[in-house]
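Worksheet for the structure shown next.
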Amino acid sequence: MKKALLVLIVLLCAVNAGYAQSNIYVGKVVGKGKTSGKMVALTFDDGPSKTYTPQVLAVLKKYNIKATFFMCGEQVTYYPELVKQVSSEGHEIANHSFSHPNLYKYKDKSKRGAVLAAEVVKTNALLEKLVMIKPAYFRAPYNYRDTETVKAINDLGLIYVGWTFSVRDWEKPAPEAMVNMFNQNLIPGTILLMHDGGGNRTNTIAALPGIIESAQKKGYRFVTLGEILK
Ligand SMILES: [Zn+2]
């Protein structure tokens, strides 16, 4: 009996240790602002895009709100003027890798962190040179994450960011459907995932005014990622 109890205690300790350890890095992936205030951060991935980024910027300007753009370095090299515009209009710029690699396809798991870290460094250097900002936030392509990769990015001094929910805009739902999805899920501290590049974003742009107006009606304020994570 005593022996059984001892085994149980040892097992429980092992489970707890494992849990605590896995939490070390999970805690450094941020998916939501800690605020209880009615704040929401719009985030746009995969740009800048020649077609869609200017349209997103026009809507944001119309409503006088700021958002955060997770840019791919490769796109930055194609459209540097758009990067400058995003920055000069007061939006936040964050890092979404250089070439948008699919790390799930890298068979050697031990290399994934290094591959991603190199892309992140390259993109941050480009942005620093272009607009004199050093992004503090990183979001992984395809939401890839594993403990070593998150650590590799954290070691560069960047915060690994996910999202609270999306309106699945990559599936191109009707704009009204996206507004409904947003309304049903909105909570204080929401980090909303959307896209301004990487595909046809016509519906995303059409949904934006409805998303903004419905949140404002509920008393929400739109802020940048940096503000919502303060
Ligand atoms: Zn992406």
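Simple scheme: letters A, B, ... for chains in structure tokens order, numbers from 1 for residues in each chain, numbers from 1 for ligands in the order shown.
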
Exercise. If you count only C-alpha atoms, which residues fall within 12 Å of segment 102-107 of chain A, apart from same-chain ones fewer than 2 positions away, as a ChimeraX atom specification?
Worked result: /A:97-100,109-117,119,140-146,149

Exercise. Ala94 of chain A: which residues within 7 Å, counting only C-alpha atoms, same-chain residues fewer than 3 positions away excluded, as a PyMOL selection string?
Worked result: chain A and resi 68-71+135-138

Would you write out those residues with C-alpha atoms, as a PDB file, in the first residue's frame?
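Okay, selection10.pdb is ready:
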ATOM      1  CA  THR A  68      -0.953  46.114 -36.750  1.00  0.00           C
ATOM      2  CA  PHE A  69       0.535  44.651 -39.933  1.00  0.00           C
ATOM      3  CA  PHE A  70       2.482  41.375 -39.823  1.00  0.00           C
ATOM      4  CA  MET A  71       4.617  41.762 -42.928  1.00  0.00           C
ATOM      5  CA  PRO A 135       9.480  44.937 -34.765  1.00  0.00           C
ATOM      6  CA  ALA A 136       8.940  43.424 -31.337  1.00  0.00           C
ATOM      7  CA  TYR A 137       6.252  40.958 -32.374  1.00  0.00           C
ATOM      8  CA  PHE A 138       6.387  37.868 -34.552  1.00  0.00           C
TER       9      PHE A 138
END

Exercise. Can you tell me, as a ChimeraX atom specification, what residues are no more than 9 Å from Met39 of chain A when counting only C-alpha atoms, ignoring any on the same chain fewer than 6 positions away?
Worked result: /A:33,187-190,219-223,228

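DSSP, applied to the backbone of this structure, assigns strand (DSSP E) to the following residues of segment 144-220 of chain A: Ile159, Tyr160, Val161, Phe165, Ser166, Thr190, Ile191, Leu192, Leu193, Met194 and His195 of chain A.
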
Exercise. If you count only C-alpha atoms, which residues fall within 12 Å of segment 46-52 of chain A, apart from same-chain ones fewer than 5 positions away, as an MDAnalysis selection string?
Worked result: chainID A and resid 57:59 68:87 93:101 139:142 170 193:206

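Every protein or nucleic acid residue with an atom no more than 10 Å from Gly210 of chain A, counting only C-alpha atoms and leaving out same-chain residues fewer than 2 positions away, appears here: Pro175, Glu176, Met178, Val179, Asn180, Phe182, Asn183, Ile205, Ala206, Ala207, Leu208, Ile212, Glu213, Ser214, Ala215 and Gln216 of chain A.
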
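If you count only C-alpha atoms and ignore residues fewer than 5 places along the chain from Asn154 of chain A, what sits within 9 Å of it is Tyr25, Lys28, Thr149, Ile159 and Tyr160 of chain A.
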
Selected residues, N, CA and C atoms, written as a short mmCIF file (atom, residue, chain, number, x, y, z; two decimals), in the first residue's frame, please.
data_model
loop_
_atom_site.label_atom_id
_atom_site.label_comp_id
_atom_site.auth_asym_id
_atom_site.auth_seq_id
_atom_site.Cartn_x
_atom_site.Cartn_y
_atom_site.Cartn_z
N TYR A 25 7.49 27.94 -22.25
CA TYR A 25 7.45 28.64 -23.54
C TYR A 25 6.04 28.90 -24.03
N LYS A 28 4.99 32.22 -23.47
CA LYS A 28 5.55 33.31 -24.27
C LYS A 28 4.90 33.42 -25.65
N THR A 149 11.23 26.17 -31.41
CA THR A 149 11.08 27.28 -32.35
C THR A 149 10.64 28.55 -31.62
N ILE A 159 8.43 38.70 -29.26
CA ILE A 159 7.30 38.00 -28.64
C ILE A 159 6.54 37.26 -29.74
N TYR A 160 6.27 36.01 -29.48
CA TYR A 160 5.57 35.14 -30.43
C TYR A 160 4.07 35.38 -30.27
#

Problem set entry | Given only C-alpha atoms as the counted atoms, nearest of A:Ile153, A:Val131, A:Ala125, A:Ile191 to Glu227 of chain A | A:Ile191

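Checking A:Asp45, A:Val40, A:Lys122, A:Thr35 one by one against ligand 1, counting only C-alpha atoms and all ligand atoms, you find the shortest gap at A:Asp45.
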
Problem set entry | Secondary structure check, alpha helix (DSSP H) residues of segment 97-191 of chain A, as a PyMOL selection string | chain A and resi 109-131+147-155+175-185

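Closest approach to ligand 1 from the set A:Leu186, A:Val121, A:Phe44, A:Phe165 is made by A:Phe44, with distances taken over only C-alpha atoms and all ligand atoms.
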
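Of the residues listed (A:Ile211, A:Met132, A:Val30, A:Leu192), A:Val30 shows the shortest atom-to-atom separation from Leu158 of chain A; distances use only C-alpha atoms.
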
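For the residues A:Met181, A:Pro173, A:Gly162, A:Val29, ranking by smallest atom-to-atom distance to ligand 1 using only C-alpha atoms and all ligand atoms places A:Gly162 first.
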
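Note that the spacing between atom CA of Asn185 of chain A and atom CA of Lys218 of chain A amounts to 12.6 Å.
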
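Distances here use only C-alpha atoms and all ligand atoms; by that measure, the residue among A:Val150, A:Leu127, A:Asp169, A:Asp155 closest to ligand 1 is A:Asp169.
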
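Relative to atom CA of Leu60 of chain A, atom CA of Val161 of chain A is found at 21.9 Å.
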